[in-house]
file my_file_25.pdb (PDB, C-alpha atoms, pLDDT in the B column)
ATOM      1  CA  MET A   1       0.000   0.000   0.000  1.00 43.00           C
ATOM      2  CA  THR A   2       1.364   3.388  -0.979  1.00 50.00           C
ATOM      3  CA  GLN A   3       1.512   5.819   1.920  1.00 72.00           C
ATOM      4  CA  LEU A   4       0.151   9.276   1.256  1.00 80.00           C
ATOM      5  CA  ALA A   5       2.650  12.063   1.981  1.00 84.00           C
ATOM      6  CA  LEU A   6       1.222  14.288   4.703  1.00 88.00           C
ATOM      7  CA  ASP A   7       2.431  17.659   5.851  1.00 90.00           C
ATOM      8  CA  ASP A   8       1.716  19.529   9.099  1.00 90.00           C
ATOM      9  CA  ARG A   9      -1.514  21.014   7.745  1.00 92.00           C
ATOM     10  CA  ASP A  10      -2.826  17.605   6.676  1.00 92.00           C
ATOM     11  CA  LEU A  11      -2.101  16.296  10.171  1.00 91.00           C
ATOM     12  CA  ALA A  12      -3.811  19.331  11.688  1.00 92.00           C
ATOM     13  CA  ILE A  13      -6.900  18.686   9.552  1.00 93.00           C
ATOM     14  CA  LEU A  14      -7.005  15.045  10.598  1.00 92.00           C
ATOM     15  CA  SER A  15      -6.391  15.893  14.229  1.00 91.00           C
ATOM     16  CA  ILE A  16      -9.217  18.428  14.334  1.00 92.00           C
ATOM     17  CA  LEU A  17     -11.591  16.010  12.592  1.00 92.00           C
ATOM     18  CA  THR A  18     -10.872  13.227  15.125  1.00 90.00           C
ATOM     19  CA  ARG A  19     -12.041  15.577  17.889  1.00 88.00           C
ATOM     20  CA  GLU A  20     -14.673  17.632  16.051  1.00 88.00           C
ATOM     21  CA  GLY A  21     -16.115  15.652  13.153  1.00 87.00           C
ATOM     22  CA  ARG A  22     -18.983  18.105  12.629  1.00 87.00           C
ATOM     23  CA  ILE A  23     -16.778  21.174  12.332  1.00 91.00           C
ATOM     24  CA  ALA A  24     -17.873  23.477   9.527  1.00 92.00           C
ATOM     25  CA  LYS A  25     -15.552  23.310   6.553  1.00 90.00           C
ATOM     26  CA  ALA A  26     -14.960  27.080   6.649  1.00 93.00           C
ATOM     27  CA  GLU A  27     -13.993  26.858  10.328  1.00 94.00           C
ATOM     28  CA  LEU A  28     -11.695  23.908   9.603  1.00 95.00           C
ATOM     29  CA  ALA A  29      -9.952  25.940   6.896  1.00 96.00           C
ATOM     30  CA  ARG A  30      -9.573  28.904   9.252  1.00 95.00           C
ATOM     31  CA  ARG A  31      -8.142  26.736  12.056  1.00 95.00           C
ATOM     32  CA  VAL A  32      -5.461  25.226   9.805  1.00 95.00           C
ATOM     33  CA  ASN A  33      -4.682  28.625   8.261  1.00 95.00           C
ATOM     34  CA  LEU A  34      -5.788  27.799   4.715  1.00 95.00           C
ATOM     35  CA  SER A  35      -8.336  29.274   2.380  1.00 95.00           C
ATOM     36  CA  PRO A  36     -11.395  27.048   1.889  1.00 93.00           C
ATOM     37  CA  THR A  37     -10.596  25.612  -1.556  1.00 94.00           C
ATOM     38  CA  PRO A  38      -7.109  24.246  -0.725  1.00 94.00           C
ATOM     39  CA  CYS A  39      -8.455  22.890   2.572  1.00 95.00           C
ATOM     40  CA  TRP A  40     -11.299  21.033   0.766  1.00 94.00           C
ATOM     41  CA  GLN A  41      -8.814  19.692  -1.782  1.00 94.00           C
ATOM     42  CA  ARG A  42      -6.630  18.277   1.013  1.00 94.00           C
ATOM     43  CA  LEU A  43      -9.672  16.817   2.749  1.00 92.00           C
ATOM     44  CA  ASP A  44     -10.891  15.240  -0.497  1.00 93.00           C
ATOM     45  CA  ARG A  45      -7.418  13.816  -1.254  1.00 93.00           C
ATOM     46  CA  MET A  46      -7.230  12.208   2.184  1.00 92.00           C
ATOM     47  CA  GLN A  47     -10.754  10.792   1.866  1.00 92.00           C
ATOM     48  CA  ARG A  48      -9.995   9.315  -1.579  1.00 92.00           C
ATOM     49  CA  ALA A  49      -6.764   7.815  -0.199  1.00 92.00           C
ATOM     50  CA  GLY A  50      -8.754   6.070   2.532  1.00 91.00           C
ATOM     51  CA  LEU A  51      -7.210   7.988   5.447  1.00 90.00           C
ATOM     52  CA  ILE A  52     -10.652   9.157   6.540  1.00 90.00           C
ATOM     53  CA  SER A  53     -12.916   6.156   6.733  1.00 87.00           C
ATOM     54  CA  GLY A  54     -16.039   7.885   8.045  1.00 85.00           C
ATOM     55  CA  PHE A  55     -17.663  10.317  10.419  1.00 83.00           C
ATOM     56  CA  ARG A  56     -19.688   9.348  13.491  1.00 83.00           C
ATOM     57  CA  ALA A  57     -21.416  10.931  16.418  1.00 83.00           C
ATOM     58  CA  GLU A  58     -20.130  10.079  19.879  1.00 84.00           C
ATOM     59  CA  VAL A  59     -23.321   9.358  21.812  1.00 86.00           C
ATOM     60  CA  ALA A  60     -23.456   9.869  25.593  1.00 88.00           C
ATOM     61  CA  LEU A  61     -24.918   6.420  26.293  1.00 90.00           C
ATOM     62  CA  ALA A  62     -25.411   7.119  30.012  1.00 89.00           C
ATOM     63  CA  ARG A  63     -27.812   9.940  29.111  1.00 91.00           C
ATOM     64  CA  LEU A  64     -29.648   7.763  26.598  1.00 91.00           C
ATOM     65  CA  ALA A  65     -30.205   4.436  28.334  1.00 93.00           C
ATOM     66  CA  GLN A  66     -29.010   2.096  31.025  1.00 95.00           C
ATOM     67  CA  HIS A  67     -26.152  -0.012  29.692  1.00 96.00           C
ATOM     68  CA  VAL A  68     -23.092  -2.012  30.611  1.00 97.00           C
ATOM     69  CA  VAL A  69     -19.782  -2.123  28.753  1.00 97.00           C
ATOM     70  CA  VAL A  70     -17.833  -5.368  28.994  1.00 98.00           C
ATOM     71  CA  PHE A  71     -14.418  -6.214  27.610  1.00 98.00           C
ATOM     72  CA  VAL A  72     -13.997  -9.907  26.919  1.00 98.00           C
ATOM     73  CA  THR A  73     -10.849 -11.888  26.231  1.00 98.00           C
ATOM     74  CA  VAL A  74     -11.479 -14.988  24.150  1.00 98.00           C
ATOM     75  CA  GLU A  75      -9.414 -18.101  23.562  1.00 97.00           C
ATOM     76  CA  LEU A  76     -10.441 -20.398  20.717  1.00 97.00           C
ATOM     77  CA  GLU A  77     -10.456 -24.196  20.840  1.00 95.00           C
ATOM     78  CA  SER A  78      -8.493 -24.475  17.611  1.00 94.00           C
ATOM     79  CA  HIS A  79      -5.990 -22.233  15.880  1.00 94.00           C
ATOM     80  CA  ARG A  80      -6.688 -23.270  12.304  1.00 94.00           C
ATOM     81  CA  ALA A  81      -7.540 -20.574   9.764  1.00 96.00           C
ATOM     82  CA  GLU A  82     -11.120 -21.779   9.385  1.00 95.00           C
ATOM     83  CA  SER A  83     -11.611 -21.562  13.179  1.00 96.00           C
ATOM     84  CA  PHE A  84     -10.657 -17.893  13.157  1.00 97.00           C
ATOM     85  CA  GLN A  85     -12.947 -17.263  10.180  1.00 97.00           C
ATOM     86  CA  THR A  86     -15.873 -19.015  11.880  1.00 96.00           C
ATOM     87  CA  PHE A  87     -15.419 -16.987  15.050  1.00 97.00           C
ATOM     88  CA  GLU A  88     -15.071 -13.696  13.168  1.00 97.00           C
ATOM     89  CA  ARG A  89     -18.252 -14.369  11.161  1.00 96.00           C
ATOM     90  CA  ALA A  90     -20.157 -15.115  14.394  1.00 96.00           C
ATOM     91  CA  VAL A  91     -18.882 -11.896  15.988  1.00 96.00           C
ATOM     92  CA  ALA A  92     -19.764  -9.824  12.910  1.00 96.00           C
ATOM     93  CA  ALA A  93     -23.382 -11.009  13.173  1.00 94.00           C
ATOM     94  CA  LEU A  94     -23.818  -9.800  16.762  1.00 95.00           C
ATOM     95  CA  GLU A  95     -24.654  -6.107  16.963  1.00 96.00           C
ATOM     96  CA  GLU A  96     -23.868  -5.840  20.683  1.00 97.00           C
ATOM     97  CA  ILE A  97     -20.218  -6.646  19.960  1.00 97.00           C
ATOM     98  CA  THR A  98     -19.034  -3.151  19.077  1.00 96.00           C
ATOM     99  CA  GLY A  99     -15.329  -3.905  18.803  1.00 97.00           C
ATOM    100  CA  CYS A 100     -13.248  -6.984  18.096  1.00 98.00           C
ATOM    101  CA  TRP A 101      -9.496  -7.194  17.859  1.00 98.00           C
ATOM    102  CA  ALA A 102      -7.351 -10.228  17.031  1.00 97.00           C
ATOM    103  CA  LEU A 103      -4.456 -10.429  19.490  1.00 97.00           C
ATOM    104  CA  GLY A 104      -0.974 -11.837  19.517  1.00 92.00           C
ATOM    105  CA  GLY A 105       0.006 -13.438  22.799  1.00 87.00           C
ATOM    106  CA  GLY A 106      -2.078 -15.308  25.353  1.00 90.00           C
ATOM    107  CA  TYR A 107      -5.612 -14.683  24.119  1.00 97.00           C
ATOM    108  CA  ASP A 108      -6.901 -14.811  20.576  1.00 98.00           C
ATOM    109  CA  TYR A 109      -9.386 -11.907  20.664  1.00 98.00           C
ATOM    110  CA  LEU A 110     -10.474  -8.911  22.679  1.00 98.00           C
ATOM    111  CA  LEU A 111     -14.136  -7.957  22.374  1.00 98.00           C
ATOM    112  CA  GLN A 112     -15.967  -4.820  23.424  1.00 98.00           C
ATOM    113  CA  VAL A 113     -19.593  -5.555  24.211  1.00 98.00           C
ATOM    114  CA  ILE A 114     -22.357  -3.066  25.039  1.00 97.00           C
ATOM    115  CA  THR A 115     -25.666  -4.396  26.346  1.00 97.00           C
ATOM    116  CA  SER A 116     -28.521  -3.104  28.509  1.00 97.00           C
ATOM    117  CA  ASP A 117     -27.396  -5.034  31.604  1.00 97.00           C
ATOM    118  CA  VAL A 118     -25.332  -7.984  32.826  1.00 97.00           C
ATOM    119  CA  ALA A 119     -28.160 -10.454  32.137  1.00 98.00           C
ATOM    120  CA  ALA A 120     -28.308  -9.298  28.499  1.00 98.00           C
ATOM    121  CA  TYR A 121     -24.530  -9.646  28.287  1.00 98.00           C
ATOM    122  CA  GLN A 122     -24.694 -13.221  29.583  1.00 97.00           C
ATOM    123  CA  ALA A 123     -27.474 -14.046  27.111  1.00 97.00           C
ATOM    124  CA  LEU A 124     -25.274 -12.708  24.314  1.00 96.00           C
ATOM    125  CA  MET A 125     -22.334 -14.857  25.417  1.00 96.00           C
ATOM    126  CA  ASP A 126     -24.619 -17.890  25.684  1.00 95.00           C
ATOM    127  CA  ALA A 127     -25.794 -17.215  22.123  1.00 92.00           C
ATOM    128  CA  LEU A 128     -22.187 -16.938  20.944  1.00 93.00           C
ATOM    129  CA  LEU A 129     -21.396 -20.291  22.549  1.00 93.00           C
ATOM    130  CA  GLU A 130     -24.516 -21.868  21.013  1.00 91.00           C
ATOM    131  CA  ARG A 131     -23.399 -20.720  17.555  1.00 88.00           C
ATOM    132  CA  ARG A 132     -20.477 -23.120  17.896  1.00 90.00           C
ATOM    133  CA  ALA A 133     -18.053 -20.325  17.113  1.00 93.00           C
ATOM    134  CA  GLY A 134     -15.133 -22.289  18.564  1.00 95.00           C
ATOM    135  CA  VAL A 135     -14.791 -20.511  21.911  1.00 96.00           C
ATOM    136  CA  LYS A 136     -12.712 -22.539  24.371  1.00 95.00           C
ATOM    137  CA  ARG A 137     -13.023 -20.024  27.195  1.00 95.00           C
ATOM    138  CA  TYR A 138     -13.617 -16.370  27.815  1.00 97.00           C
ATOM    139  CA  PHE A 139     -13.043 -13.864  30.600  1.00 98.00           C
ATOM    140  CA  SER A 140     -15.308 -10.870  31.219  1.00 98.00           C
ATOM    141  CA  TYR A 141     -14.226  -7.471  32.508  1.00 98.00           C
ATOM    142  CA  ILE A 142     -17.102  -5.139  33.338  1.00 97.00           C
ATOM    143  CA  VAL A 143     -16.337  -1.440  32.977  1.00 97.00           C
ATOM    144  CA  THR A 144     -17.163   0.339  36.233  1.00 96.00           C
ATOM    145  CA  LYS A 145     -16.435   3.841  34.923  1.00 93.00           C
ATOM    146  CA  PRO A 146     -14.875   5.346  31.852  1.00 91.00           C
ATOM    147  CA  VAL A 147     -11.583   7.067  32.632  1.00 94.00           C
ATOM    148  CA  LYS A 148     -10.268   8.145  29.247  1.00 93.00           C
ATOM    149  CA  SER A 149     -11.361   7.978  25.654  1.00 89.00           C
ATOM    150  CA  ALA A 150      -9.362  10.025  23.201  1.00 88.00           C
ATOM    151  CA  PRO A 151      -8.553  10.121  19.514  1.00 87.00           C
ATOM    152  CA  PRO A 152      -5.153   8.738  18.488  1.00 86.00           C
ATOM    153  CA  PRO A 153      -2.138  11.063  18.863  1.00 89.00           C
ATOM    154  CA  LEU A 154      -1.653  11.510  15.116  1.00 87.00           C
ATOM    155  CA  ALA A 155       1.308  13.904  15.272  1.00 81.00           C
ATOM    156  CA  LEU A 156       3.192  11.611  17.677  1.00 85.00           C
ATOM    157  CA  LEU A 157       2.496   8.547  15.551  1.00 84.00           C
ATOM    158  CA  VAL A 158       3.598  10.180  12.312  1.00 83.00           C
ATOM    159  CA  ASP A 159       6.669  11.820  13.886  1.00 71.00           C
ATOM    160  CA  GLY A 160       7.600   8.509  15.530  1.00 57.00           C
ATOM    161  CA  SER A 161       7.534   6.629  12.212  1.00 53.00           C
ATOM    162  CA  SER A 162      10.070   8.912  10.507  1.00 46.00           C
TER     163      SER A 162
END

call {"tool": "encode", "arguments": {"input": "my_file_25.pdb", "output": "C-alpha cells"}}
result
Amino acid sequence: MTQLALDDRDLAILSILTREGRIAKAELARRVNLSPTPCWQRLDRMQRAGLISGFRAEVALARLAQHVVVFVTVELESHRAESFQTFERAVAALEEITGCWALGGGYDYLLQVITSDVAAYQALMDALLERRAGVKRYFSYIVTKPVKSAPPPLALLVDGSS
C-alpha cells in the first residue's frame, strides 16, 4: 500500500476532525490557516486515499439508556484458519459486539460488548457459545467507569515513524 505524503496542515486537519467531526468546513480551513478551496482539496485527497474512513457521532450512552460495557478476552479451541474465520463471522453477526481485535500473545481476541445489563450480556455470550463459534473459554471485565477515551495522537504517531 502506498503511503500518502502528509504535511503539518494535513495532520492538523485530521487531528481536528478526530475531535470535532462536525466542524464546519470554513472553520476547519480557518483553524489550519488555509483558504477554503485548498483545505477542501486536502480533505478530499485524504478521503480518496482512505485515510478518513467515516464520520460518526459520539453518543453519551449514560444519558440515553441504562447499559453495561464489557471487555472480553477470548481463547479459541483451535488455531486453524477456518476456526478464526468461523469466530469472526459469528462476531460480525452480533450487533452488541461493538469492537473486536485479534491479538498476539495469550488470548486470541479482545471484544468490546455493550448491552442493557449484565443479564443481556450473559445471554449474548450464551448465544455466541450456542453458535459453535469455537470458543474454548472467555473472561469478562465489566467497565465500572470510563476514565479516558481520546482520539489517536496523530502527530506523535507520524513523527515517531520517521

call {"tool": "resolve_selection", "arguments": {"input": "my_file_25.pdb", "expression": "the PyMOL selection byres ((chain A and resi 4-13) around 9)", "output": "CSV table (one decimal) with C-alpha atoms, keeping the file's coordinate frame"}}
result
chain,number,residue,atom,x,y,z
A,2,THR,CA,1.4,3.4,-1.0
A,3,GLN,CA,1.5,5.8,1.9
A,14,LEU,CA,-7.0,15.0,10.6
A,15,SER,CA,-6.4,15.9,14.2
A,16,ILE,CA,-9.2,18.4,14.3
A,17,LEU,CA,-11.6,16.0,12.6
A,18,THR,CA,-10.9,13.2,15.1
A,28,LEU,CA,-11.7,23.9,9.6
A,29,ALA,CA,-10.0,25.9,6.9
A,31,ARG,CA,-8.1,26.7,12.1
A,32,VAL,CA,-5.5,25.2,9.8
A,33,ASN,CA,-4.7,28.6,8.3
A,34,LEU,CA,-5.8,27.8,4.7
A,39,CYS,CA,-8.5,22.9,2.6
A,42,ARG,CA,-6.6,18.3,1.0
A,43,LEU,CA,-9.7,16.8,2.7
A,46,MET,CA,-7.2,12.2,2.2
A,49,ALA,CA,-6.8,7.8,-0.2
A,51,LEU,CA,-7.2,8.0,5.4
A,154,LEU,CA,-1.7,11.5,15.1
A,155,ALA,CA,1.3,13.9,15.3
A,158,VAL,CA,3.6,10.2,12.3

call {"tool": "axis_aligned_box", "arguments": {"input": "my_file_25.pdb", "around": "range 35-48 of chain A", "padding_each_side": "3 Å", "output": "AutoDock Vina command-line options"}}
result
--center_x -9.0 --center_y 19.3 --center_z 0.5 --size_x 10.8 --size_y 26.0 --size_z 10.5

call {"tool": "residues_around", "arguments": {"input": "my_file_25.pdb", "residues": "Ser78 in chain A", "least_positions_apart": "2", "cutoff": "9 Å", "atoms": "all atoms listed in the file", "output": "list in words"}}
result
Glu75, Leu76, Arg80, Ala81, Ser83, Phe84, Gly134, Val135 and Lys136 of chain A

call {"tool": "resolve_selection", "arguments": {"input": "my_file_25.pdb", "expression": "the PyMOL selection byres ((chain A and resi 131) around 12)", "output": "list in words"}}
result
Thr86, Phe87, Glu88, Arg89, Ala90, Val91, Ala93, Leu94, Leu124, Met125, Asp126, Ala127, Leu128, Leu129, Glu130, Arg132, Ala133, Gly134 and Val135 of chain A

call {"tool": "resolve_selection", "arguments": {"input": "my_file_25.pdb", "expression": "the PyMOL selection byres ((chain A and resi 69) around 8)", "output": "PDB file with C-alpha atoms, in the coordinates of the input"}}
result
ATOM      1  CA  HIS A  67     -26.152  -0.012  29.692  1.00 96.00           C
ATOM      2  CA  VAL A  68     -23.092  -2.012  30.611  1.00 97.00           C
ATOM      3  CA  VAL A  70     -17.833  -5.368  28.994  1.00 98.00           C
ATOM      4  CA  PHE A  71     -14.418  -6.214  27.610  1.00 98.00           C
ATOM      5  CA  GLN A 112     -15.967  -4.820  23.424  1.00 98.00           C
ATOM      6  CA  VAL A 113     -19.593  -5.555  24.211  1.00 98.00           C
ATOM      7  CA  ILE A 114     -22.357  -3.066  25.039  1.00 97.00           C
ATOM      8  CA  THR A 115     -25.666  -4.396  26.346  1.00 97.00           C
ATOM      9  CA  ILE A 142     -17.102  -5.139  33.338  1.00 97.00           C
ATOM     10  CA  VAL A 143     -16.337  -1.440  32.977  1.00 97.00           C
TER      11      VAL A 143
END
